[in-house]
>>> print(open('structure.csv').read())   # CSV, C-alpha atoms
chain,number,residue,atom,x,y,z
A,18,MET,CA,56.6,-5.9,6.9
A,19,ASP,CA,53.7,-5.4,9.3
A,20,THR,CA,50.5,-4.5,7.7
A,21,PRO,CA,49.0,-1.2,9.0
A,22,ARG,CA,46.5,-1.8,11.8
A,23,PRO,CA,43.0,-0.2,11.4
A,24,HIS,CA,42.7,3.4,12.5
A,25,PRO,CA,40.4,3.8,15.6
A,26,ALA,CA,38.2,5.9,13.4
A,27,SER,CA,37.1,2.7,11.6
A,28,TYR,CA,35.6,1.4,14.8
A,29,TRP,CA,34.0,4.7,15.5
A,30,LEU,CA,32.4,4.7,12.0
A,31,LEU,CA,31.2,1.1,12.4
A,32,GLY,CA,29.8,1.8,15.9
A,33,GLY,CA,28.3,5.1,14.8
A,34,THR,CA,26.4,3.5,11.9
A,35,LEU,CA,25.2,0.7,14.1
A,36,LEU,CA,24.2,3.1,16.8
A,37,LEU,CA,22.3,5.3,14.4
A,38,PHE,CA,20.4,2.4,13.0
A,39,LEU,CA,19.6,1.1,16.5
A,40,ALA,CA,18.5,4.6,17.5
A,41,LEU,CA,16.1,4.7,14.5
A,42,LEU,CA,14.8,1.3,15.5
A,43,ILE,CA,14.3,2.2,19.1
A,44,LEU,CA,13.1,5.8,19.0
A,45,PRO,CA,9.3,5.8,19.6
A,46,MET,CA,8.7,8.2,16.7
A,47,THR,CA,10.6,6.2,14.1
A,48,HIS,CA,10.4,2.7,15.5
A,49,TRP,CA,7.4,1.5,13.5
A,50,ILE,CA,8.6,2.7,10.2
A,51,ALA,CA,12.3,1.7,10.6
A,52,ALA,CA,11.3,-1.7,11.8
A,53,ASN,CA,8.7,-2.1,9.1
A,54,GLN,CA,11.2,-1.2,6.3
A,55,SER,CA,13.9,-3.4,7.8
A,56,VAL,CA,11.6,-6.4,7.9
A,57,ARG,CA,10.5,-5.7,4.3
A,58,LEU,CA,14.0,-6.1,3.1
A,59,PHE,CA,13.8,-9.8,4.1
A,60,VAL,CA,10.1,-10.7,4.1
A,61,MET,CA,7.9,-11.3,1.0
A,62,PRO,CA,4.9,-8.9,0.7
A,63,ASN,CA,2.4,-11.4,1.8
A,64,ASP,CA,-0.1,-9.0,3.3
A,65,TYR,CA,0.1,-6.7,0.3
A,66,VAL,CA,-0.5,-9.6,-2.1
A,67,VAL,CA,-3.6,-10.6,-0.1
A,68,LEU,CA,-4.8,-7.0,-0.3
A,69,LEU,CA,-4.2,-6.9,-4.0
A,70,LYS,CA,-6.0,-10.2,-4.6
A,71,ASP,CA,-8.9,-8.8,-2.5
A,72,LEU,CA,-8.9,-5.7,-4.8
A,73,GLY,CA,-9.2,-7.9,-7.8
A,74,VAL,CA,-5.6,-8.1,-9.1
A,75,LYS,CA,-5.3,-11.4,-10.8
A,76,GLU,CA,-2.1,-11.2,-12.7
A,77,PHE,CA,0.3,-10.8,-9.9
A,78,PRO,CA,3.3,-13.1,-10.3
A,79,TYR,CA,3.8,-13.7,-6.7
A,80,THR,CA,1.5,-16.0,-4.6
A,81,ALA,CA,0.9,-15.2,-1.0
A,82,ASP,CA,1.1,-17.7,1.8
A,83,LEU,CA,-2.5,-17.3,2.9
A,84,ARG,CA,-2.1,-19.5,6.0
A,85,GLY,CA,-0.1,-16.8,7.8
A,86,VAL,CA,-2.6,-14.1,6.9
A,87,GLU,CA,-5.5,-16.3,8.0
A,88,ARG,CA,-3.7,-17.0,11.3
A,89,ALA,CA,-3.2,-13.3,11.9
A,90,ARG,CA,-6.8,-12.6,11.1
A,91,GLN,CA,-8.0,-15.2,13.6
A,92,GLU,CA,-5.7,-13.8,16.2
A,93,THR,CA,-7.1,-10.3,15.7
A,94,ILE,CA,-10.7,-11.7,15.9
A,95,GLN,CA,-10.0,-13.5,19.1
A,96,ARG,CA,-8.0,-10.6,20.6
A,97,ASN,CA,-11.0,-8.2,20.1
A,98,PRO,CA,-14.1,-10.0,21.2
A,99,GLY,CA,-15.9,-6.8,22.2
A,100,ASP,CA,-15.1,-4.9,19.0
A,101,TYR,CA,-18.4,-5.0,17.0
A,102,ASP,CA,-16.8,-3.9,13.7
A,103,ILE,CA,-14.2,-6.6,13.8
A,104,GLN,CA,-16.6,-9.3,14.8
A,105,LEU,CA,-19.1,-8.2,12.1
A,106,ALA,CA,-16.3,-8.2,9.5
A,107,ALA,CA,-15.4,-11.7,10.6
A,108,ALA,CA,-19.0,-12.9,10.4
A,109,LEU,CA,-19.5,-11.4,7.0
A,110,ALA,CA,-16.2,-12.9,5.7
A,111,TYR,CA,-17.1,-16.4,7.0
A,112,TYR,CA,-17.7,-19.1,4.5
A,113,PRO,CA,-18.7,-22.6,5.6
A,114,PRO,CA,-16.3,-25.5,4.9
A,115,PRO,CA,-16.5,-26.9,1.4
A,116,ASP,CA,-18.0,-30.2,2.6
A,117,THR,CA,-21.1,-28.4,4.0
A,118,PRO,CA,-24.2,-29.9,2.3
A,119,ALA,CA,-25.7,-27.5,-0.2
A,120,GLU,CA,-29.1,-27.4,1.5
A,121,ASN,CA,-27.4,-26.3,4.7
A,122,PHE,CA,-24.9,-23.9,3.2
A,123,TYR,CA,-26.7,-20.6,3.7
A,124,THR,CA,-28.0,-21.6,7.2
A,125,ALA,CA,-24.3,-22.2,8.1
A,126,ARG,CA,-23.3,-19.0,6.3
A,127,LEU,CA,-25.6,-16.9,8.4
A,128,ALA,CA,-24.9,-18.7,11.7
A,129,PRO,CA,-22.1,-16.3,12.8
A,130,LEU,CA,-24.3,-13.3,12.1
A,131,ARG,CA,-27.1,-14.8,14.1
A,132,ALA,CA,-24.7,-15.5,17.0
A,133,LEU,CA,-23.6,-11.9,17.0
A,134,LYS,CA,-27.2,-10.8,17.9
A,135,ALA,CA,-26.9,-12.3,21.4
A,136,ARG,CA,-23.4,-10.8,21.9
A,137,PHE,CA,-24.2,-7.3,20.6
A,138,PRO,CA,-27.9,-6.7,21.4
A,139,GLU,CA,-27.5,-3.0,20.7
A,140,HIS,CA,-26.8,-3.8,17.0
A,141,ARG,CA,-29.7,-6.3,16.6
A,142,SER,CA,-31.4,-4.3,14.0
A,143,THR,CA,-28.3,-3.9,11.8
A,144,LEU,CA,-27.5,-7.6,12.2
A,145,SER,CA,-31.1,-8.4,11.2
A,146,ALA,CA,-30.7,-6.2,8.1
A,147,HIS,CA,-27.5,-8.1,7.2
A,148,ILE,CA,-29.1,-11.5,7.7
A,149,LEU,CA,-32.1,-10.4,5.6
A,150,ARG,CA,-29.8,-9.1,2.9
A,151,TYR,CA,-28.0,-12.4,2.6
A,152,ALA,CA,-31.1,-14.5,3.0
A,153,CYS,CA,-32.9,-12.5,0.3
A,154,SER,CA,-29.9,-12.9,-2.0
A,155,HIS,CA,-30.1,-16.6,-1.5
A,156,LEU,CA,-33.8,-16.7,-2.1
A,157,HIS,CA,-33.4,-14.7,-5.2
A,158,ARG,CA,-30.7,-17.0,-6.6
A,159,HIS,CA,-32.3,-20.3,-5.5
A,160,HIS,CA,-35.9,-19.4,-5.4
A,161,ASP,CA,-37.3,-22.9,-5.9
A,162,HIS,CA,-35.2,-24.5,-3.1
A,163,ALA,CA,-35.2,-21.6,-0.8
A,164,SER,CA,-38.9,-21.1,-0.8
A,165,ARG,CA,-39.2,-24.3,1.3
A,166,ARG,CA,-36.7,-23.0,3.8
A,167,ARG,CA,-37.7,-19.3,4.0
A,168,PRO,CA,-39.0,-19.3,7.6
A,169,ASP,CA,-35.8,-20.9,8.7
A,170,LEU,CA,-33.5,-18.5,6.8
A,171,LEU,CA,-35.1,-15.3,7.9
A,172,ARG,CA,-35.4,-16.2,11.5
B,17,MET,CA,-38.8,8.4,-11.9
B,18,THR,CA,-37.3,11.7,-13.1
B,19,THR,CA,-36.6,10.3,-16.6
B,20,ARG,CA,-40.2,9.2,-17.2
B,21,PRO,CA,-42.5,11.6,-15.2
B,22,GLY,CA,-46.0,10.1,-15.1
B,23,GLY,CA,-44.7,7.0,-16.9
B,24,VAL,CA,-44.5,8.9,-20.2
B,25,LEU,CA,-41.5,8.0,-22.2
B,26,THR,CA,-40.1,11.1,-23.9
B,27,SER,CA,-37.4,10.7,-26.5
B,28,TYR,CA,-34.4,13.1,-26.2
B,29,ASP,CA,-32.5,11.5,-29.1
B,30,LYS,CA,-32.5,14.7,-31.2
B,31,VAL,CA,-31.6,17.0,-28.3
B,32,PRO,CA,-27.8,17.7,-27.6
B,33,SER,CA,-26.7,15.6,-24.7
B,34,GLU,CA,-25.7,18.6,-22.6
B,35,GLN,CA,-29.3,19.9,-22.7
B,36,ARG,CA,-30.9,16.7,-21.8
B,37,PRO,CA,-30.6,16.9,-17.9
B,38,ALA,CA,-32.2,20.4,-17.9
B,39,MET,CA,-35.1,19.2,-20.1
B,40,ARG,CA,-35.6,16.1,-18.0
B,41,ARG,CA,-35.6,18.3,-14.8
B,42,ASP,CA,-38.1,20.7,-16.3
B,43,ALA,CA,-40.4,17.9,-17.4
B,44,TYR,CA,-40.3,16.3,-14.0
B,45,VAL,CA,-40.9,19.6,-12.1
B,46,ALA,CA,-43.8,20.4,-14.5
B,47,TYR,CA,-45.3,16.9,-13.8
B,48,LEU,CA,-45.0,17.4,-10.0
B,49,ARG,CA,-46.8,20.8,-10.2
B,50,LYS,CA,-49.4,19.3,-12.5
B,51,ILE,CA,-50.3,16.6,-10.0
B,52,GLY,CA,-50.4,19.1,-7.1
B,53,HIS,CA,-47.0,18.7,-5.5
B,54,ALA,CA,-45.6,22.1,-5.9
B,55,PRO,CA,-43.5,22.1,-2.7
B,56,GLU,CA,-41.9,18.8,-3.7
B,57,SER,CA,-41.2,20.2,-7.1
B,58,ASP,CA,-39.1,23.0,-5.6
B,59,TRP,CA,-37.1,20.5,-3.5
B,60,ALA,CA,-36.7,18.2,-6.6
B,61,GLN,CA,-35.4,21.2,-8.6
B,62,GLN,CA,-32.9,22.1,-6.0
B,63,GLU,CA,-31.7,18.5,-5.7
B,64,LEU,CA,-31.5,18.0,-9.5
B,65,ASP,CA,-29.6,21.3,-9.9
B,66,ALA,CA,-27.1,20.2,-7.1
B,67,GLY,CA,-26.3,17.0,-9.1
B,68,PRO,CA,-24.0,18.5,-11.7
B,69,LYS,CA,-22.3,20.8,-9.1
B,70,THR,CA,-21.7,17.7,-6.9
B,71,ARG,CA,-20.2,15.8,-9.8
B,72,ALA,CA,-17.9,18.7,-10.7
B,73,VAL,CA,-16.7,18.9,-7.1
B,74,LEU,CA,-16.1,15.2,-6.9
B,75,GLU,CA,-14.3,14.9,-10.3
B,76,ALA,CA,-12.1,17.9,-9.7
B,77,GLY,CA,-11.3,16.8,-6.1
B,78,MET,CA,-10.4,13.3,-7.0
B,79,THR,CA,-7.3,14.4,-8.8
B,80,GLN,CA,-6.1,16.1,-5.6
B,81,SER,CA,-7.3,13.3,-3.3
B,82,ILE,CA,-4.9,10.9,-1.6
B,83,LEU,CA,-6.6,8.1,-3.5
B,84,GLY,CA,-6.4,9.6,-6.9
B,85,GLY,CA,-3.6,12.2,-7.1
B,86,LYS,CA,0.1,12.1,-6.8
B,87,GLN,CA,0.2,11.9,-3.0
B,88,LEU,CA,0.0,8.1,-2.9
B,89,GLU,CA,2.7,7.8,-5.6
B,90,GLY,CA,4.9,10.2,-3.7
B,91,LEU,CA,4.5,8.1,-0.6
B,92,PHE,CA,5.4,4.9,-2.4
B,93,GLN,CA,8.5,6.7,-3.9
B,94,GLN,CA,9.5,7.8,-0.5
B,95,TRP,CA,9.3,4.3,0.9
B,96,THR,CA,11.3,3.0,-2.0
B,97,LEU,CA,13.9,5.7,-1.5
B,98,ASN,CA,14.1,4.9,2.2
B,99,MET,CA,14.6,1.2,1.6
B,100,LEU,CA,17.2,1.8,-1.1
B,101,LEU,CA,19.2,4.0,1.3
B,102,LEU,CA,18.8,1.5,4.1
B,103,ILE,CA,19.9,-1.5,2.0
B,104,ASN,CA,22.9,0.3,0.6
B,105,ALA,CA,24.0,1.5,4.1
B,106,LEU,CA,23.6,-2.1,5.5
B,107,GLU,CA,25.6,-3.6,2.6
B,108,LEU,CA,28.4,-1.1,3.1
B,109,LEU,CA,28.3,-1.7,6.8
B,110,ILE,CA,28.6,-5.5,6.3
B,111,LEU,CA,31.5,-5.0,3.9
B,112,GLY,CA,33.3,-2.6,6.2
B,113,GLY,CA,32.7,-4.8,9.2
B,114,ALA,CA,34.1,-7.8,7.4
B,115,MET,CA,37.2,-5.9,6.5
B,116,LEU,CA,37.6,-4.7,10.1
B,117,LEU,CA,37.3,-8.4,11.2
B,118,LEU,CA,39.9,-9.5,8.6
B,119,THR,CA,42.3,-6.8,9.9
B,120,ALA,CA,41.7,-7.8,13.5
B,121,LEU,CA,42.5,-11.4,12.5
B,122,ARG,CA,45.6,-10.1,10.5
B,123,ARG,CA,44.2,-11.6,7.3
B,124,ASP,CA,43.9,-8.3,5.4
B,125,THR,CA,46.9,-9.0,3.1
B,126,GLY,CA,47.1,-10.3,-0.4
B,127,ASN,CA,44.0,-11.2,-2.3
B,128,THR,CA,42.0,-12.2,0.7
B,129,PRO,CA,40.1,-8.9,1.3
B,130,LEU,CA,39.2,-8.7,-2.4
B,131,MET,CA,38.0,-12.3,-2.5
B,132,VAL,CA,35.9,-11.8,0.7
B,133,ALA,CA,34.5,-8.5,-0.7
B,134,LEU,CA,33.6,-10.1,-4.0
B,135,MET,CA,32.0,-13.1,-2.2
B,136,LEU,CA,29.9,-10.8,0.0
B,137,PHE,CA,28.9,-8.8,-3.1
B,138,SER,CA,27.8,-12.0,-4.8
B,139,VAL,CA,25.6,-12.8,-1.8
B,140,PHE,CA,24.1,-9.3,-2.1
B,141,VAL,CA,23.4,-9.8,-5.8
B,142,ILE,CA,21.7,-13.2,-5.1
B,143,LEU,CA,19.6,-11.7,-2.3
B,144,ALA,CA,18.7,-8.8,-4.6
B,145,LEU,CA,17.6,-11.1,-7.4
B,146,ALA,CA,15.8,-13.6,-5.2
B,147,GLY,CA,14.8,-11.4,-2.3
B,148,PRO,CA,11.6,-9.7,-1.5
B,149,PHE,CA,12.7,-6.0,-2.1
B,150,THR,CA,11.9,-6.0,-5.8
B,151,HIS,CA,8.6,-7.8,-5.1
B,152,TRP,CA,7.7,-4.9,-2.7
B,153,VAL,CA,8.3,-2.4,-5.5
B,154,GLU,CA,6.1,-4.4,-7.8
B,155,ALA,CA,3.4,-4.7,-5.1
B,156,PHE,CA,3.6,-0.9,-4.5
B,157,MET,CA,3.1,-0.3,-8.2
B,158,ALA,CA,0.2,-2.7,-8.5
B,159,PHE,CA,-1.5,-1.2,-5.5
B,160,HIS,CA,-1.1,2.3,-6.9
B,161,SER,CA,-2.5,1.2,-10.2
B,162,VAL,CA,-5.5,-0.5,-8.5
B,163,VAL,CA,-6.3,2.7,-6.4
B,164,GLN,CA,-6.1,4.8,-9.6
B,165,ASN,CA,-8.5,2.4,-11.4
B,166,LEU,CA,-10.9,2.4,-8.5
B,167,SER,CA,-10.9,6.2,-8.1
B,168,GLY,CA,-11.3,6.7,-11.8
B,169,THR,CA,-8.3,9.0,-12.2
B,170,ASP,CA,-6.4,9.0,-15.4
B,171,THR,CA,-3.6,6.4,-15.4
B,172,SER,CA,-2.2,6.8,-18.9
B,173,PRO,CA,1.4,8.0,-18.9
B,174,THR,CA,1.7,11.6,-20.3
B,175,SER,CA,5.5,11.7,-20.8
B,176,PHE,CA,8.4,9.3,-21.5
B,177,GLN,CA,9.5,9.6,-17.9
B,178,ASP,CA,6.0,8.6,-16.8
B,179,MET,CA,6.1,5.7,-19.2
B,180,LEU,CA,9.4,4.5,-17.7
B,181,ARG,CA,8.0,4.9,-14.2
B,182,SER,CA,4.9,2.9,-14.9
B,183,SER,CA,6.8,0.0,-16.5
B,184,VAL,CA,7.2,-2.8,-14.0
B,185,PRO,CA,10.2,-4.5,-15.6
B,186,ILE,CA,12.1,-1.2,-15.9
B,187,MET,CA,11.2,-0.2,-12.3
B,188,LYS,CA,12.3,-3.6,-11.0
B,189,ALA,CA,15.6,-3.5,-12.9
B,190,SER,CA,16.2,0.1,-11.7
B,191,VAL,CA,15.5,-0.8,-8.1
B,192,LEU,CA,17.7,-3.9,-8.4
B,193,GLY,CA,20.6,-1.8,-9.8
B,194,LEU,CA,20.2,1.0,-7.2
B,195,SER,CA,20.0,-1.5,-4.3
B,196,LEU,CA,23.6,-2.7,-5.2
B,197,MET,CA,24.9,0.7,-6.2
B,198,GLY,CA,26.8,1.5,-2.9
B,199,PRO,CA,28.9,-1.7,-2.7
B,200,LEU,CA,29.3,-1.8,-6.5
B,201,LEU,CA,30.7,1.7,-6.7
B,202,ALA,CA,32.9,1.1,-3.7
B,203,LEU,CA,34.4,-2.1,-5.2
B,204,LEU,CA,34.9,-0.5,-8.6
B,205,ILE,CA,36.7,2.5,-7.1
B,206,LEU,CA,38.8,0.3,-4.8
B,207,GLY,CA,39.5,-2.2,-7.6
B,208,PHE,CA,40.9,0.7,-9.7
B,209,LEU,CA,43.0,2.0,-6.9
B,210,ARG,CA,44.3,-1.5,-6.2
B,211,LEU,CA,45.6,-1.6,-9.8
B,212,VAL,CA,47.1,1.9,-9.6
B,213,ARG,CA,48.7,1.6,-6.1
B,214,SER,CA,49.7,-2.1,-6.4
B,215,LYS,CA,53.0,-1.4,-4.6
B,216,GLU,CA,51.5,0.0,-1.4
B,217,PRO,CA,51.7,-2.2,1.7
B,218,GLY,CA,48.5,-3.8,2.9
B,219,SER,CA,45.2,-4.2,0.9
B,220,VAL,CA,43.7,-1.1,-0.6
B,221,VAL,CA,40.4,-2.9,-0.7
B,222,ALA,CA,40.5,-3.6,3.0
B,223,SER,CA,41.6,-0.2,4.1
B,224,GLY,CA,39.2,1.5,1.6
B,225,LEU,CA,36.2,-0.4,2.8
B,226,ARG,CA,36.9,0.0,6.5
B,227,THR,CA,37.4,3.7,6.2
B,228,GLY,CA,35.7,5.1,3.1
B,229,GLY,CA,33.1,2.3,3.0
B,230,LEU,CA,32.1,2.7,6.6
B,231,ALA,CA,32.1,6.5,6.3
B,232,ALA,CA,29.7,6.1,3.3
B,233,ALA,CA,27.6,3.7,5.3
B,234,LEU,CA,27.3,6.2,8.1
B,235,ILE,CA,26.4,9.0,5.7
B,236,LEU,CA,23.8,6.9,4.0
B,237,MET,CA,22.3,5.9,7.4
B,238,ALA,CA,22.2,9.5,8.4
B,239,VAL,CA,20.4,10.4,5.1
B,240,TYR,CA,18.1,7.5,5.7
B,241,GLY,CA,17.2,8.8,9.1
B,242,ALA,CA,16.6,12.3,7.7
B,243,THR,CA,14.4,11.0,4.8
B,244,LEU,CA,12.5,8.8,7.3
B,245,PHE,CA,11.1,12.0,8.9
B,246,VAL,CA,9.9,13.2,5.5
B,247,THR,CA,8.2,9.8,5.0
B,248,LEU,CA,6.6,10.1,8.5
B,249,GLN,CA,5.3,13.5,7.6
B,250,LYS,CA,3.8,12.1,4.3
B,251,GLU,CA,2.4,9.1,6.2
B,252,ALA,CA,0.7,11.5,8.7
B,253,GLN,CA,-0.8,13.5,5.8
B,254,ALA,CA,-2.1,10.3,4.2
B,255,ASN,CA,-3.6,9.0,7.4
B,256,SER,CA,-5.3,12.3,8.1
B,257,ALA,CA,-6.7,12.3,4.5
B,258,LEU,CA,-7.9,8.7,4.9
B,259,ASP,CA,-9.6,9.7,8.3
B,260,ARG,CA,-11.3,12.6,6.6
B,261,ILE,CA,-12.4,10.3,3.7
B,262,LEU,CA,-14.0,7.9,6.3
B,263,GLN,CA,-15.8,10.8,7.9
B,264,SER,CA,-17.1,12.4,4.7
B,265,GLU,CA,-15.3,12.0,1.4
B,266,PRO,CA,-17.3,14.6,-0.5
B,267,ARG,CA,-16.6,17.2,2.2
B,268,TYR,CA,-12.9,16.3,2.0
B,269,LEU,CA,-12.8,16.6,-1.8
B,270,ALA,CA,-14.6,20.0,-1.6
B,271,GLU,CA,-12.2,21.3,1.0
B,272,LEU,CA,-9.2,20.3,-1.1
B,273,GLN,CA,-10.5,22.8,-3.7
B,274,GLY,CA,-11.4,25.5,-1.2
B,275,ARG,CA,-15.1,24.9,-1.8
B,276,SER,CA,-17.9,24.5,0.7
B,277,TRP,CA,-20.0,21.3,1.1
B,278,PRO,CA,-22.8,20.8,0.2
B,279,PRO,CA,-22.3,22.8,-3.0
>>> encode(input="structure.csv", output="structure tokens")
Amino acid sequence: MDTPRPHPASYWLLGGTLLLFLALLILPMTHWIAANQSVRLFVMPNDYVVLLKDLGVKEFPYTADLRGVERARQETIQRNPGDYDIQLAAALAYYPPPDTPAENFYTARLAPLRALKARFPEHRSTLSAHILRYACSHLHRHHDHASRRRPDLLR
Amino acid sequence: MTTRPGGVLTSYDKVPSEQRPAMRRDAYVAYLRKIGHAPESDWAQQELDAGPKTRAVLEAGMTQSILGGKQLEGLFQQWTLNMLLLINALELLILGGAMLLLTALRRDTGNTPLMVALMLFSVFVILALAGPFTHWVEAFMAFHSVVQNLSGTDTSPTSFQDMLRSSVPIMKASVLGLSLMGPLLALLILGFLRLVRSKEPGSVVASGLRTGGLAAALILMAVYGATLFVTLQKEAQANSALDRILQSEPRYLAELQGRSWPP
């Protein structure tokens, strides 16, 4: 005996569901959220975990792949060279490589902030305040050593 | 400066704590007048009087704020609901599509459809156990908890339902079960029908999944689309609230209570 063939309605149901899903993915109003939620069904919450770690959550059982986040951060910094806020955030978040000699650490730490003074002259005073803040923090913590380098640090 | 006017240390140990701010203010204002700064004493009095009012506005507003109240929790729940609807719709779509393919290949007889459906369901279970969806729910809950801690709002559960909702293992298990609910129910119902109608030609599982299963997938996708608009509305409200917080959080908190700012 022949098995019953599928009713055409089955194809309509399959096509209709796919079409509706595609429409939600394509429509400008729903695109970002539908795409975001679809991706989240298959991608681990890397960006969220980084955010949680930044906020001080230590006991999260899942470890983020920080390389991808760092790559995205660098791309954002390079894509927005004229955005003062982004460039300031990048300079403030900068930490010298671990092999930097201890006596040069804070000079290297402040170098990106100093470099921003030339690129954003309209924000010179704010940048000087940031440099002063970090330099004073260093002087406070390492007074004996820093006192010899004070003119250099505060420049 | 206001606590030790003129450098004199006054002990308020025997004074009830609610009276201490007023006594400190009076002592400071009296000191300013004594040293010939009467105009500044008026200003200081206004500022010190505004302190408790400001605190009251901020504390009451924080419970209604996007950062402290139920809004953020509602947004997370909406995202979880969306993702549950989407995952169930996609699973039923895959099952129905597989059954359509089997039918087109004329392989929809005997035990083949049931075996294929069970194999696909096993894949869904493995993906649900190892996949990122439950991690997202855990991350949402952790983020919500951090925001509540930072905003200083009460995080202790007040009811049994709240206690269940704040438990990570229970939420993960619930989400895991709900993410497989669509295909599980479909397979249970069709498995039962297969036993009852064992003499019917063709596979009940194949025909059920390519009709009822796909119809359920379409309905779930339509519901997903509808709830997506609710989520978008909540997202817009949250974004607007965050923008207002960036501009002036105290003004935002005061406006939530229908008060003016400054108080």
>>> residues_near_point(input="structure.csv", point="(-3.9, -10.7, -6.2)", cutoff="6 Å", atoms="only C-alpha atoms", output="list in words")
Val66, Leu69, Lys70, Val74, Lys75 and Phe77 of chain A
>>> closest_residue(input="structure.csv", among="A:Thr93, A:Thr34, A:Asn53, A:Thr117", to="chain B", atoms="only C-alpha atoms")
A:Thr34
>>> interface_residues(input="structure.csv", of="chain A", to="chain B", cutoff="8 Å", atoms="all atoms listed in the file", output="JSON, numbers by chain")
{"A": [20, 21, 22, 23, 26, 27, 28, 30, 31, 33, 34, 37, 38, 41, 47, 50, 51, 54, 55, 57, 58, 59, 60, 61, 62, 65, 66, 69, 72, 74, 79]}
>>> residues_around(input="structure.csv", residues="Val221 in chain B", least_positions_apart="6", cutoff="8 Å", atoms="all atoms listed in the file", output="number ranges by chain")
B: 129-130, 203, 206-207, 210
>>> atom_distance(input="structure.csv", atom1="CA of Ala202 in chain B", atom2="CA of Thr243 in chain B")
22.6 Å
>>> residues_around(input="structure.csv", residues="Val132 in chain B", least_positions_apart="4", cutoff="9 Å", atoms="all atoms listed in the file", output="list in words")
Leu111, Ala114, Met115, Asn127, Thr128, Leu136 and Phe137 of chain B
>>> write_last_selection(input="structure.csv", atoms="C-alpha atoms", output="mmCIF file, keeping the file's coordinate frame")
data_model
loop_
_atom_site.group_PDB
_atom_site.id
_atom_site.type_symbol
_atom_site.label_atom_id
_atom_site.label_comp_id
_atom_site.auth_asym_id
_atom_site.auth_seq_id
_atom_site.Cartn_x
_atom_site.Cartn_y
_atom_site.Cartn_z
ATOM 1 C CA LEU B 111 31.500 -5.000 3.900
ATOM 2 C CA ALA B 114 34.100 -7.800 7.400
ATOM 3 C CA MET B 115 37.200 -5.900 6.500
ATOM 4 C CA ASN B 127 44.000 -11.200 -2.300
ATOM 5 C CA THR B 128 42.000 -12.200 0.700
ATOM 6 C CA LEU B 136 29.900 -10.800 0.000
ATOM 7 C CA PHE B 137 28.900 -8.800 -3.100
#
>>> residues_around(input="structure.csv", residues="Arg275 in chain B", least_positions_apart="5", cutoff="12 Å", atoms="only C-alpha atoms", output="MDAnalysis selection string")
chainID B and resid 69:70 72:74 76:77 266:270
>>> closest_residue(input="structure.csv", among="B:Arg20, B:Ser256, B:Gln249, B:Gly84", to="Asn165 in chain B", atoms="all atoms listed in the file")
B:Gly84
>>> residues_around(input="structure.csv", residues="range 123-135 of chain A", least_positions_apart="2", cutoff="6 Å", atoms="all atoms listed in the file", output="number ranges by chain")
A: 108, 112-113, 121, 137-138, 141
>>> atom_distance(input="structure.csv", atom1="CA of Pro98 in chain A", atom2="CA of Arg150 in chain A")
24.1 Å
>>> atom_distance(input="structure.csv", atom1="CA of Asp102 in chain A", atom2="CA of Gln164 in chain B")
27.1 Å
>>> closest_residue(input="structure.csv", among="A:Asp64, A:Asp71, A:Ala106, A:Pro25", to="Glu87 in chain A", atoms="only C-alpha atoms")
A:Asp64
